[in-house]
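Data block below; observations after.
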Amino acid sequence: MENQFTQREQIIETVSKLFLYTDNQEWRKLQDEVFTSEIEFDMTSMGAEKIERVQAREICYRWEKAFKELDAVHHQAGTYVVEINNDEAKVSAYSIASHYRKEAKKGKTREYVGSYDLHLIKHHGDWRIDRFKYKLKYSTGNLTLE
């Protein structure tokens, strides 16, 4: 059956899965349906020392470890701007990430507000993220969730 979605819709679907699968901690799906096997990963706005080339499984491992103590994670994304050039695409998106930990003593939530610059490639007929850059604008709440 032929795919009824436009290229833009397929790209946004992949980006939406990034947030949905992360929130649901579906690490295998994130690796199989969202990322290429290796990603240029830029989290310097969150304190990372440098931009890295990293395996998708390593990103999932880091996120799984970071979210282990949380009771809920919720990403809300939108304001997608998509540029398509043959088998490559760039997506800019705004997002808010909210983390909740019911055992925290100094406030149960923290929030990160920022944007993403993502690059996708057509990989075996499907769109996959191969470059990931997060740009933090500000954070608020109990940032340590202690």
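Residues are referred to by chain and number: the chain letter is A, B, ... according to the order shown in the structure tokens, the number counts from 1 in that chain, and ligands are numbered separately from 1 in the order shown.
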Among chain A, which residues does DSSP mark as strand (DSSP E or B) when it is run on the backbone? Keep the chain and numbering as in the structure and answer as a PDB file with N, CA and C atoms, in the first residue's frame.
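Written out: selection_12.pdb:
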ATOM      1  N   PHE A  35      16.076   7.487  14.964  1.00  0.00           N
ATOM      2  CA  PHE A  35      17.482   7.851  14.745  1.00  0.00           C
ATOM      3  C   PHE A  35      18.149   6.982  13.687  1.00  0.00           C
ATOM      4  N   THR A  36      19.171   7.542  13.048  1.00  0.00           N
ATOM      5  CA  THR A  36      20.112   6.710  12.310  1.00  0.00           C
ATOM      6  C   THR A  36      20.995   6.041  13.359  1.00  0.00           C
ATOM      7  N   SER A  37      21.825   5.108  12.964  1.00  0.00           N
ATOM      8  CA  SER A  37      22.627   4.389  13.968  1.00  0.00           C
ATOM      9  C   SER A  37      23.623   5.304  14.665  1.00  0.00           C
ATOM     10  N   GLU A  38      24.111   6.341  13.979  1.00  0.00           N
ATOM     11  CA  GLU A  38      25.038   7.304  14.578  1.00  0.00           C
ATOM     12  C   GLU A  38      24.505   8.707  14.317  1.00  0.00           C
ATOM     13  N   ILE A  39      24.620   9.563  15.328  1.00  0.00           N
ATOM     14  CA  ILE A  39      24.035  10.909  15.259  1.00  0.00           C
ATOM     15  C   ILE A  39      25.073  11.953  15.669  1.00  0.00           C
ATOM     16  N   GLU A  40      25.044  13.091  14.982  1.00  0.00           N
ATOM     17  CA  GLU A  40      25.773  14.260  15.470  1.00  0.00           C
ATOM     18  C   GLU A  40      24.873  14.859  16.546  1.00  0.00           C
ATOM     19  N   PHE A  41      25.378  14.912  17.771  1.00  0.00           N
ATOM     20  CA  PHE A  41      24.559  15.205  18.947  1.00  0.00           C
ATOM     21  C   PHE A  41      25.098  16.432  19.655  1.00  0.00           C
ATOM     22  N   ASP A  42      24.304  17.509  19.676  1.00  0.00           N
ATOM     23  CA  ASP A  42      24.744  18.783  20.245  1.00  0.00           C
ATOM     24  C   ASP A  42      23.829  19.183  21.403  1.00  0.00           C
ATOM     25  N   GLU A  52      29.098  15.916  19.766  1.00  0.00           N
ATOM     26  CA  GLU A  52      29.623  14.554  19.653  1.00  0.00           C
ATOM     27  C   GLU A  52      29.046  13.837  18.436  1.00  0.00           C
ATOM     28  N   ARG A  53      29.770  12.824  17.964  1.00  0.00           N
ATOM     29  CA  ARG A  53      29.205  11.800  17.077  1.00  0.00           C
ATOM     30  C   ARG A  53      28.992  10.603  17.973  1.00  0.00           C
ATOM     31  N   VAL A  54      27.739  10.187  18.121  1.00  0.00           N
ATOM     32  CA  VAL A  54      27.419   9.163  19.110  1.00  0.00           C
ATOM     33  C   VAL A  54      26.419   8.162  18.531  1.00  0.00           C
ATOM     34  N   GLN A  55      26.516   6.948  18.988  1.00  0.00           N
ATOM     35  CA  GLN A  55      25.589   5.895  18.569  1.00  0.00           C
ATOM     36  C   GLN A  55      24.201   6.168  19.170  1.00  0.00           C
ATOM     37  N   ALA A  72       7.533  11.069  35.736  1.00  0.00           N
ATOM     38  CA  ALA A  72       6.910  11.431  34.456  1.00  0.00           C
ATOM     39  C   ALA A  72       7.820  12.391  33.699  1.00  0.00           C
ATOM     40  N   VAL A  73       7.794  12.249  32.395  1.00  0.00           N
ATOM     41  CA  VAL A  73       8.490  13.153  31.476  1.00  0.00           C
ATOM     42  C   VAL A  73       7.485  13.505  30.390  1.00  0.00           C
ATOM     43  N   HIS A  74       7.398  14.794  30.068  1.00  0.00           N
ATOM     44  CA  HIS A  74       6.448  15.214  29.035  1.00  0.00           C
ATOM     45  C   HIS A  74       7.083  16.284  28.160  1.00  0.00           C
ATOM     46  N   HIS A  75       7.163  16.002  26.855  1.00  0.00           N
ATOM     47  CA  HIS A  75       7.618  16.987  25.878  1.00  0.00           C
ATOM     48  C   HIS A  75       6.413  17.482  25.094  1.00  0.00           C
ATOM     49  N   GLN A  76       6.350  18.782  24.917  1.00  0.00           N
ATOM     50  CA  GLN A  76       5.333  19.379  24.059  1.00  0.00           C
ATOM     51  C   GLN A  76       6.082  20.144  22.984  1.00  0.00           C
ATOM     52  N   ALA A  77       5.892  19.767  21.737  1.00  0.00           N
ATOM     53  CA  ALA A  77       6.646  20.390  20.646  1.00  0.00           C
ATOM     54  C   ALA A  77       5.708  20.890  19.565  1.00  0.00           C
ATOM     55  N   GLY A  78       6.199  21.848  18.814  1.00  0.00           N
ATOM     56  CA  GLY A  78       5.410  22.391  17.712  1.00  0.00           C
ATOM     57  C   GLY A  78       6.149  23.511  17.017  1.00  0.00           C
ATOM     58  N   THR A  79       5.399  24.336  16.317  1.00  0.00           N
ATOM     59  CA  THR A  79       5.949  25.415  15.515  1.00  0.00           C
ATOM     60  C   THR A  79       7.040  24.859  14.593  1.00  0.00           C
ATOM     61  N   TYR A  80       6.692  23.787  13.895  1.00  0.00           N
ATOM     62  CA  TYR A  80       7.634  23.122  12.997  1.00  0.00           C
ATOM     63  C   TYR A  80       7.853  23.940  11.733  1.00  0.00           C
ATOM     64  N   VAL A  81       9.105  24.141  11.393  1.00  0.00           N
ATOM     65  CA  VAL A  81       9.484  24.720  10.108  1.00  0.00           C
ATOM     66  C   VAL A  81      10.330  23.658   9.421  1.00  0.00           C
ATOM     67  N   VAL A  82       9.901  23.236   8.242  1.00  0.00           N
ATOM     68  CA  VAL A  82      10.532  22.110   7.548  1.00  0.00           C
ATOM     69  C   VAL A  82      11.071  22.580   6.199  1.00  0.00           C
ATOM     70  N   GLU A  83      12.320  22.235   5.936  1.00  0.00           N
ATOM     71  CA  GLU A  83      12.940  22.472   4.625  1.00  0.00           C
ATOM     72  C   GLU A  83      13.365  21.126   4.071  1.00  0.00           C
ATOM     73  N   ILE A  84      12.894  20.791   2.874  1.00  0.00           N
ATOM     74  CA  ILE A  84      13.217  19.510   2.256  1.00  0.00           C
ATOM     75  C   ILE A  84      14.061  19.758   1.016  1.00  0.00           C
ATOM     76  N   ASN A  85      15.143  18.991   0.902  1.00  0.00           N
ATOM     77  CA  ASN A  85      16.006  19.054  -0.269  1.00  0.00           C
ATOM     78  C   ASN A  85      16.342  17.622  -0.672  1.00  0.00           C
ATOM     79  N   GLU A  88      17.112  14.851   2.043  1.00  0.00           N
ATOM     80  CA  GLU A  88      17.538  15.478   3.295  1.00  0.00           C
ATOM     81  C   GLU A  88      16.486  16.495   3.712  1.00  0.00           C
ATOM     82  N   ALA A  89      16.401  16.712   4.999  1.00  0.00           N
ATOM     83  CA  ALA A  89      15.451  17.706   5.509  1.00  0.00           C
ATOM     84  C   ALA A  89      16.012  18.350   6.769  1.00  0.00           C
ATOM     85  N   LYS A  90      15.641  19.600   6.969  1.00  0.00           N
ATOM     86  CA  LYS A  90      15.952  20.316   8.204  1.00  0.00           C
ATOM     87  C   LYS A  90      14.630  20.658   8.868  1.00  0.00           C
ATOM     88  N   VAL A  91      14.594  20.480  10.185  1.00  0.00           N
ATOM     89  CA  VAL A  91      13.394  20.819  10.945  1.00  0.00           C
ATOM     90  C   VAL A  91      13.806  21.673  12.132  1.00  0.00           C
ATOM     91  N   SER A  92      13.114  22.777  12.297  1.00  0.00           N
ATOM     92  CA  SER A  92      13.237  23.592  13.506  1.00  0.00           C
ATOM     93  C   SER A  92      11.927  23.446  14.261  1.00  0.00           C
ATOM     94  N   ALA A  93      12.029  23.312  15.583  1.00  0.00           N
ATOM     95  CA  ALA A  93      10.824  23.142  16.395  1.00  0.00           C
ATOM     96  C   ALA A  93      11.026  23.770  17.766  1.00  0.00           C
ATOM     97  N   TYR A  94       9.982  24.352  18.296  1.00  0.00           N
ATOM     98  CA  TYR A  94       9.971  24.800  19.684  1.00  0.00           C
ATOM     99  C   TYR A  94       9.553  23.623  20.556  1.00  0.00           C
ATOM    100  N   SER A  95      10.001  23.641  21.817  1.00  0.00           N
ATOM    101  CA  SER A  95       9.538  22.590  22.721  1.00  0.00           C
ATOM    102  C   SER A  95       9.634  23.031  24.175  1.00  0.00           C
ATOM    103  N   ILE A  96       8.829  22.370  24.973  1.00  0.00           N
ATOM    104  CA  ILE A  96       8.880  22.480  26.427  1.00  0.00           C
ATOM    105  C   ILE A  96       8.966  21.062  26.958  1.00  0.00           C
ATOM    106  N   ALA A  97       9.914  20.831  27.848  1.00  0.00           N
ATOM    107  CA  ALA A  97      10.037  19.524  28.495  1.00  0.00           C
ATOM    108  C   ALA A  97       9.764  19.713  29.977  1.00  0.00           C
ATOM    109  N   SER A  98       8.866  18.911  30.499  1.00  0.00           N
ATOM    110  CA  SER A  98       8.531  18.958  31.910  1.00  0.00           C
ATOM    111  C   SER A  98       8.889  17.617  32.537  1.00  0.00           C
ATOM    112  N   HIS A  99       9.612  17.675  33.656  1.00  0.00           N
ATOM    113  CA  HIS A  99      10.005  16.478  34.398  1.00  0.00           C
ATOM    114  C   HIS A  99       9.366  16.537  35.775  1.00  0.00           C
ATOM    115  N   TYR A 100       8.836  15.403  36.218  1.00  0.00           N
ATOM    116  CA  TYR A 100       8.128  15.329  37.492  1.00  0.00           C
ATOM    117  C   TYR A 100       8.711  14.200  38.335  1.00  0.00           C
ATOM    118  N   THR A 109       8.668  19.578  40.152  1.00  0.00           N
ATOM    119  CA  THR A 109       8.836  19.694  38.700  1.00  0.00           C
ATOM    120  C   THR A 109      10.011  20.585  38.325  1.00  0.00           C
ATOM    121  N   ARG A 110      10.493  20.344  37.122  1.00  0.00           N
ATOM    122  CA  ARG A 110      11.431  21.250  36.457  1.00  0.00           C
ATOM    123  C   ARG A 110      10.992  21.325  35.004  1.00  0.00           C
ATOM    124  N   GLU A 111      11.326  22.445  34.390  1.00  0.00           N
ATOM    125  CA  GLU A 111      10.882  22.664  33.024  1.00  0.00           C
ATOM    126  C   GLU A 111      12.018  23.270  32.211  1.00  0.00           C
ATOM    127  N   TYR A 112      12.167  22.753  31.002  1.00  0.00           N
ATOM    128  CA  TYR A 112      13.154  23.268  30.050  1.00  0.00           C
ATOM    129  C   TYR A 112      12.403  23.797  28.837  1.00  0.00           C
ATOM    130  N   VAL A 113      12.707  25.035  28.464  1.00  0.00           N
ATOM    131  CA  VAL A 113      12.083  25.657  27.304  1.00  0.00           C
ATOM    132  C   VAL A 113      13.177  25.956  26.298  1.00  0.00           C
ATOM    133  N   GLY A 114      12.964  25.504  25.073  1.00  0.00           N
ATOM    134  CA  GLY A 114      13.979  25.720  24.052  1.00  0.00           C
ATOM    135  C   GLY A 114      13.491  25.328  22.682  1.00  0.00           C
ATOM    136  N   SER A 115      14.466  25.091  21.814  1.00  0.00           N
ATOM    137  CA  SER A 115      14.135  24.705  20.447  1.00  0.00           C
ATOM    138  C   SER A 115      15.127  23.662  19.952  1.00  0.00           C
ATOM    139  N   TYR A 116      14.728  22.988  18.910  1.00  0.00           N
ATOM    140  CA  TYR A 116      15.552  21.947  18.291  1.00  0.00           C
ATOM    141  C   TYR A 116      15.847  22.323  16.854  1.00  0.00           C
ATOM    142  N   ASP A 117      17.059  22.036  16.435  1.00  0.00           N
ATOM    143  CA  ASP A 117      17.430  22.044  15.025  1.00  0.00           C
ATOM    144  C   ASP A 117      17.797  20.603  14.698  1.00  0.00           C
ATOM    145  N   LEU A 118      17.003  19.988  13.849  1.00  0.00           N
ATOM    146  CA  LEU A 118      17.196  18.586  13.507  1.00  0.00           C
ATOM    147  C   LEU A 118      17.480  18.453  12.016  1.00  0.00           C
ATOM    148  N   HIS A 119      18.295  17.487  11.676  1.00  0.00           N
ATOM    149  CA  HIS A 119      18.557  17.151  10.281  1.00  0.00           C
ATOM    150  C   HIS A 119      18.144  15.703  10.096  1.00  0.00           C
ATOM    151  N   LEU A 120      17.400  15.451   9.046  1.00  0.00           N
ATOM    152  CA  LEU A 120      16.944  14.095   8.760  1.00  0.00           C
ATOM    153  C   LEU A 120      17.409  13.668   7.379  1.00  0.00           C
ATOM    154  N   ILE A 121      17.597  12.381   7.219  1.00  0.00           N
ATOM    155  CA  ILE A 121      17.911  11.813   5.918  1.00  0.00           C
ATOM    156  C   ILE A 121      16.922  10.697   5.622  1.00  0.00           C
ATOM    157  N   LYS A 122      16.737  10.431   4.348  1.00  0.00           N
ATOM    158  CA  LYS A 122      15.909   9.308   3.924  1.00  0.00           C
ATOM    159  C   LYS A 122      16.767   8.056   4.084  1.00  0.00           C
ATOM    160  N   HIS A 123      16.290   7.127   4.888  1.00  0.00           N
ATOM    161  CA  HIS A 123      17.048   5.920   5.233  1.00  0.00           C
ATOM    162  C   HIS A 123      16.159   4.711   4.934  1.00  0.00           C
ATOM    163  N   ASP A 126      12.516   5.639   4.749  1.00  0.00           N
ATOM    164  CA  ASP A 126      11.929   6.331   5.893  1.00  0.00           C
ATOM    165  C   ASP A 126      12.840   7.477   6.337  1.00  0.00           C
ATOM    166  N   TRP A 127      12.253   8.488   6.942  1.00  0.00           N
ATOM    167  CA  TRP A 127      13.019   9.621   7.443  1.00  0.00           C
ATOM    168  C   TRP A 127      13.589   9.304   8.816  1.00  0.00           C
ATOM    169  N   ARG A 128      14.889   9.588   8.997  1.00  0.00           N
ATOM    170  CA  ARG A 128      15.579   9.348  10.266  1.00  0.00           C
ATOM    171  C   ARG A 128      16.424  10.566  10.633  1.00  0.00           C
ATOM    172  N   ILE A 129      16.517  10.835  11.924  1.00  0.00           N
ATOM    173  CA  ILE A 129      17.317  11.954  12.427  1.00  0.00           C
ATOM    174  C   ILE A 129      18.780  11.537  12.493  1.00  0.00           C
ATOM    175  N   ASP A 130      19.640  12.337  11.836  1.00  0.00           N
ATOM    176  CA  ASP A 130      21.084  12.062  11.897  1.00  0.00           C
ATOM    177  C   ASP A 130      21.877  13.205  12.537  1.00  0.00           C
ATOM    178  N   ARG A 131      21.208  14.359  12.737  1.00  0.00           N
ATOM    179  CA  ARG A 131      21.833  15.471  13.470  1.00  0.00           C
ATOM    180  C   ARG A 131      20.792  16.070  14.396  1.00  0.00           C
ATOM    181  N   PHE A 132      21.226  16.323  15.630  1.00  0.00           N
ATOM    182  CA  PHE A 132      20.325  16.726  16.709  1.00  0.00           C
ATOM    183  C   PHE A 132      20.985  17.848  17.481  1.00  0.00           C
ATOM    184  N   LYS A 133      20.335  19.010  17.523  1.00  0.00           N
ATOM    185  CA  LYS A 133      20.852  20.136  18.307  1.00  0.00           C
ATOM    186  C   LYS A 133      19.720  20.703  19.148  1.00  0.00           C
ATOM    187  N   TYR A 134      19.970  20.769  20.460  1.00  0.00           N
ATOM    188  CA  TYR A 134      19.007  21.384  21.369  1.00  0.00           C
ATOM    189  C   TYR A 134      19.545  22.739  21.786  1.00  0.00           C
ATOM    190  N   LYS A 135      18.661  23.756  21.762  1.00  0.00           N
ATOM    191  CA  LYS A 135      19.039  25.112  22.147  1.00  0.00           C
ATOM    192  C   LYS A 135      18.149  25.553  23.311  1.00  0.00           C
ATOM    193  N   LEU A 136      18.691  25.442  24.520  1.00  0.00           N
ATOM    194  CA  LEU A 136      17.969  25.843  25.726  1.00  0.00           C
ATOM    195  C   LEU A 136      17.808  27.356  25.753  1.00  0.00           C
ATOM    196  N   LYS A 137      16.590  27.814  25.989  1.00  0.00           N
ATOM    197  CA  LYS A 137      16.322  29.245  26.182  1.00  0.00           C
ATOM    198  C   LYS A 137      16.357  29.563  27.669  1.00  0.00           C
ATOM    199  N   TYR A 138      15.629  28.753  28.467  1.00  0.00           N
ATOM    200  CA  TYR A 138      15.680  28.915  29.919  1.00  0.00           C
ATOM    201  C   TYR A 138      15.138  27.655  30.580  1.00  0.00           C
ATOM    202  N   SER A 139      15.433  27.552  31.857  1.00  0.00           N
ATOM    203  CA  SER A 139      14.892  26.453  32.668  1.00  0.00           C
ATOM    204  C   SER A 139      14.331  27.052  33.952  1.00  0.00           C
ATOM    205  N   THR A 140      13.392  26.334  34.535  1.00  0.00           N
ATOM    206  CA  THR A 140      12.737  26.827  35.737  1.00  0.00           C
ATOM    207  C   THR A 140      12.320  25.650  36.616  1.00  0.00           C
ATOM    208  N   GLY A 141      12.030  25.952  37.867  1.00  0.00           N
ATOM    209  CA  GLY A 141      11.595  24.920  38.800  1.00  0.00           C
ATOM    210  C   GLY A 141      12.761  24.359  39.605  1.00  0.00           C
TER     211      GLY A 141
END
Residues within 10 Å of Lys29 in chain A, only C-alpha atoms, excluding chain neighbours under 5 positions, as a list in words: Lys17, Leu18, Tyr21, Thr22, Val34 and Phe35 of chain A
Smallest atom-to-atom distance to Glu33 in chain A: which of A:Leu145, A:His124, A:Arg8, A:Asn86, using only C-alpha atoms? A:His124
Considering only C-alpha atoms, state which residue in the set A:Leu30, A:Met46, A:Leu20, A:Ile11 is at the smallest distance from Gly125 in chain A.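 Checking each of A:Leu30, A:Met46, A:Leu20, A:Ile11 against Gly125 in chain A, counting only C-alpha atoms, the winner is A:Ile11.
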What's around Ala104 in chain A at 10 Å? Count only C-alpha atoms, leave out sequence neighbours fewer than 6 positions away in its own chain, and write the answer as an MDAnalysis selection string. chainID A and resid 70 142 144:146
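In this comparison, which uses only C-alpha atoms, the residue of A:Val15, A:Asn24, A:Lys108, A:Arg101 approaching Asp71 in chain A most closely is A:Arg101.
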Backbone-only DSSP, alpha helix (DSSP H) members of range 29-120 of chain A, as a list in words: Lys29, Ala56, Arg57, Glu58, Ile59, Cys60, Tyr61, Arg62, Trp63, Glu64, Lys65, Ala66 and Phe67 of chain A
Option closest in space to Lys106 in chain A, from A:Leu143, A:Ala66, A:Met43, A:Ala56 [counting only C-alpha atoms]: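 Of all the options, A:Leu143 lies closest to Lys106 in chain A.
Distance-wise, CA of Glu13 in chain A and CA of Gln25 in chain A end up 17.4 Å apart.
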Could you check how far CA of Cys60 in chain A sits from CA of Arg28 in chain A, in Å to one decimal?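 If I compute the distance from CA of Cys60 in chain A to CA of Arg28 in chain A, I get 8.3 Å.
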